[in-house]
Amino acid sequence: MKRKNIAVCVTGYNWNYESRVVSGIWESCAELDINLLIFATLIRRPELNTDRVLPESVIRGESEIFNLINYGSIDGIIILGDSIIEEKVIYDVSAKAAQRNIPVVNVNDPTHMLYRNVILSDKKAMEFVVRHLVEEHGLTKINFIGGFPGNLQTEERLEAYKKVLREHDIPIEESRIAYGEFWKKAAECAEQFISSGDIPQAIVCASDTMAIFCMDYLQEKGYSIPEDIIVTGFDGLKDCETYSPTITSVRRGFKSAGQRAVEIIRDIWDGKETDVISEVDSELVIMQSCGCVPKEKNRKFDYLSEKYGEESASLEFRTYIHSMNTDFAAVKTSVELFANAKRSAEFFHLRRLFICICSNIERETAELDKEEIISSFRGISDSMVTMFSYGSSVPVGKQFPAAELVPEDILNGEKAVVFAFSPLYFKEKFLGYLAYEPTGFKGYGEHFTTWLMMLSNNTGSFYMNKKLELVVEQLENLYVRDPLTGLYNRRGMAKYGKELLDNAKEADSCITVVCSDIDNLKPINDLYGHEAGDNAILQTAKAIANSMPDSAVCVRTGGDEFCSVLRSCSDDEIQAIIEQIDRTLSDYNSSSGLQYTIGCSCGYYRMKAVETESIEKIAAFADEEMYKVKVRKKAMRKMGP
């Protein structure tokens, strides 16, 4: 039976929320042998009550990754809707999935309710904490630190605290309630409780951050936690697991929500009825600060060691980012641009990493017109090019269909896999993406986001500069080339002809100029029109350009006049070139079916490069020789056959 695939759409890959949900999804998928494909942007939604606004270009660039989803190979989709910056993504993904009868579950997003939703409930969360202290520890002197008075979350958590006290006939004393403004005054609240003389048995904090500030103050004053005072938090942040002592807290059921979302999709596959809304309760996380878990010996040392390890990793990362940007200044090719990504793959402990760039951006061509340059930065192209691979034998430069996501088969191996995809973009221009297989989901945090943003900016700068170079080259060609024939014009001869002359002078060699003039162009124009005249000019230009050596500078100097500058050539070589021009035009005349014939007269002159100051001087002599040829042709035509 073919293995099924679940896709996850998520923004702001953070351990305290999104990574916990994804971790639950991953565990369930691993148990059920389901492939997990995670489409993740890393720019987080700005915090509420802040003035920060994300630019539209960033939102569009980030959101493009969700267009990478291949609905033809996906069997279920989980959206962490509360994390998605652009709400249009939620409706677009769900609508496309509905067209293919793909079940979709939205997690933690009461604002955008879909057909199936998992809602994280924390109505009873604070009750769990207070009830644990009352029923398991037998405490009656329990103080409370909230955020701001009147704040919705603070008031809900305060009411839950009071509810449990009322249930157990414990008096509610206002002196045991304080407000730490989420973190700023938590230490002051603890000081207030201690200085009152009525030392609490426990302090319940409405956030983990306030719990940490409270515990810092208490331990600084010589109080032992939990022996003297129990302290609990709320949120279940990662810091609760690393602080000493570890902090008993309550956490919204992020992991359980991820597992429940997979369960709903599986039920739908099996044809079972499922509820529109499934609620997942918060969970009490018992640790050391309430005394239920023994404190470890040398825990403080372990905590400091962990913090030292984090600082060392940060220092290593900063050094790497600095060298990454320094190296970018010397990058000349796209392969060099991504070559040092191996260090990133190792730093973030990735099993596999592919950097995939849109093929229409990576391909190099000197003939891109304006529309191609613009369109090459629009959206996801049909095919991608592998510019870097780690943990795989896929070669750099391998092209593959974008619908396959990665340049090797990852979905049909012996075991189910988890792969994540994050965008590379420059302003709103989608460049490609990273496809990576992580070793775990403890959240890559700011380091991963910083690296990816730096990589995006460097990638965008590189490819934009490459496009600009092509544009400049084309503009320069327009300046120095004849628009009808594509040969150089007089400005081109002045620039490139002079280069040939200077090189010949350095080599102390000769320079040769061949002048050509179309025969009977005026009668062709008069009898057959100017389109015929233009065709005669174009065919002559082609014959000259194709007959000359690659190093020659071929110029259209006037209406029917041409000039070609060559490095030193013998008389025989020049005669062979002129004969080739004649043969080319003769072959064209034989096959064209036109009523007129095209021919040209050629003359040449050769001299030592050091004996002249300009190409024009040699060209004047060559023009005289060409005129002699033209006179001879006219005389022969008058004599007849």
# chains A, B, ... in the order shown; residues from 1 in each chain; ligands from 1
>>> closest_atom_pairs(of="segment 560-629 of chain A", to="segment 482-487 of chain A", cutoff="12 Å", atoms="only C-alpha atoms", output="tab-separated table")
residue	atom	partner	partner_atom	distance
A:Asp560	CA	A:Thr485	CA	11.3
A:Glu561	CA	A:Leu487	CA	11.7
A:Phe562	CA	A:Leu487	CA	9.2
A:Cys563	CA	A:Leu487	CA	10.0
A:Ser564	CA	A:Leu487	CA	9.9
>>> select_by_dssp(residues="segment 88-179 of chain A", states="strand (DSSP E)", output="NGL selection string")
:A and (104-107 or 117-121 or 142-146 or 177-179)
>>> select_by_dssp(residues="segment 592-639 of chain A", states="helix (DSSP H, G or I)", output="number ranges by chain")
A: 592, 609-611, 615-639
>>> write_last_selection(atoms="C-alpha atoms", output="compact mmCIF listing (two decimals), in the first residue's frame")
# COMPACT_ATOMS: atom_id res chain seq x y z
CA SER A 592 15.74 32.22 -52.41
CA ALA A 609 49.97 48.16 -36.87
CA VAL A 610 52.74 50.41 -35.53
CA GLU A 611 52.66 52.42 -38.76
CA ILE A 615 41.73 51.85 -38.17
CA GLU A 616 40.14 54.57 -40.30
CA LYS A 617 43.45 55.18 -42.09
CA ILE A 618 43.73 51.52 -43.15
CA ALA A 619 40.02 51.48 -43.98
CA ALA A 620 40.52 54.38 -46.40
CA PHE A 621 43.11 52.38 -48.33
CA ALA A 622 40.88 49.27 -48.26
CA ASP A 623 37.96 51.33 -49.54
CA GLU A 624 40.04 52.44 -52.53
CA GLU A 625 40.82 48.77 -53.28
CA MET A 626 37.12 47.89 -52.99
CA TYR A 627 36.20 50.72 -55.38
CA LYS A 628 38.69 49.32 -57.92
CA VAL A 629 36.93 45.94 -57.70
CA LYS A 630 33.56 47.63 -58.19
CA VAL A 631 34.82 49.49 -61.30
CA ARG A 632 36.13 46.23 -62.77
CA LYS A 633 32.76 44.54 -62.19
CA LYS A 634 30.91 47.36 -63.95
CA ALA A 635 33.31 47.19 -66.89
CA MET A 636 32.79 43.44 -67.18
CA ARG A 637 28.98 43.85 -67.10
CA LYS A 638 29.20 46.41 -69.97
CA MET A 639 31.35 44.04 -72.03
>>> atom_distance(atom1="atom CA of Lys427 of chain A", atom2="atom CA of Val89 of chain A")
18.3 Å
>>> atom_distance(atom1="atom CA of Ser614 of chain A", atom2="atom CA of Cys515 of chain A")
15.3 Å
>>> residues_around(residues="Leu218 of chain A", least_positions_apart="3", cutoff="12 Å", atoms="only C-alpha atoms", output="ChimeraX atom specification")
/A:186-195,199-200,202-203,211-215,221-231
>>> residues_around(residues="segment 126-138 of chain A", least_positions_apart="2", cutoff="9 Å", atoms="only C-alpha atoms", output="PyMOL selection string")
chain A and resi 122-124+140+142+156-165+168+202+204+206+230+232-234+248-250+282-284+290
>>> residues_around(residues="Phe430 of chain A", least_positions_apart="6", cutoff="12 Å", atoms="only C-alpha atoms", output="ChimeraX atom specification")
/A:57-68,356-361,374-381,422-424,456-457,459-460,463-464
>>> residues_around(residues="Lys495 of chain A", least_positions_apart="4", cutoff="12 Å", atoms="only C-alpha atoms", output="list in words")
Glu476, Asn477, Tyr479, Val480, Arg481, Tyr488, Asn489, Arg490, Arg491, Glu499, Leu500, Leu501, Asp502, Val553, Val555, Val565, Ser614 and Ile615 of chain A
>>> write_last_selection(atoms="C-alpha atoms", output="mmCIF file, in the first residue's frame")
data_model
loop_
_atom_site.group_PDB
_atom_site.id
_atom_site.type_symbol
_atom_site.label_atom_id
_atom_site.label_comp_id
_atom_site.auth_asym_id
_atom_site.auth_seq_id
_atom_site.Cartn_x
_atom_site.Cartn_y
_atom_site.Cartn_z
ATOM 1 C CA GLU A 476 26.025 48.432 -24.481
ATOM 2 C CA ASN A 477 25.296 46.243 -27.495
ATOM 3 C CA TYR A 479 24.931 51.438 -28.313
ATOM 4 C CA VAL A 480 27.661 49.782 -30.396
ATOM 5 C CA ARG A 481 25.608 47.552 -32.728
ATOM 6 C CA TYR A 488 28.927 46.620 -34.904
ATOM 7 C CA ASN A 489 28.275 50.235 -35.881
ATOM 8 C CA ARG A 490 30.937 52.931 -36.144
ATOM 9 C CA ARG A 491 31.030 53.286 -32.355
ATOM 10 C CA GLU A 499 41.424 46.952 -29.206
ATOM 11 C CA LEU A 500 42.534 44.770 -32.142
ATOM 12 C CA LEU A 501 44.863 47.494 -33.328
ATOM 13 C CA ASP A 502 46.429 47.940 -29.872
ATOM 14 C CA VAL A 553 35.332 42.944 -35.858
ATOM 15 C CA VAL A 555 30.994 46.648 -38.911
ATOM 16 C CA VAL A 565 38.971 44.409 -39.077
ATOM 17 C CA SER A 614 43.807 54.506 -36.437
ATOM 18 C CA ILE A 615 41.729 51.852 -38.169
#
>>> closest_residue(among="A:Cys240, A:Asp275, A:Phe39, A:Asp267", to="Arg116 of chain A", atoms="only C-alpha atoms")
A:Asp275
>>> closest_residue(among="A:Asp517, A:Glu579, A:Asp109, A:Glu362", to="Thr386 of chain A", atoms="only C-alpha atoms")
A:Glu362
>>> closest_residue(among="A:Met454, A:Ile102, A:Ile34, A:Ile578", to="Ser323 of chain A", atoms="only C-alpha atoms")
A:Met454
>>> residues_around(residues="Val417 of chain A", least_positions_apart="3", cutoff="12 Å", atoms="only C-alpha atoms", output="ChimeraX atom specification")
/A:3-7,26-27,29-38,351-352,409-414,420,436-440
>>> closest_residue(among="A:Lys467, A:His112, A:Arg166, A:Arg100", to="Tyr71 of chain A", atoms="only C-alpha atoms")
A:Arg100
>>> closest_residue(among="A:Val513, A:Val285, A:Met493, A:Ile77", to="Glu241 of chain A", atoms="only C-alpha atoms")
A:Val285
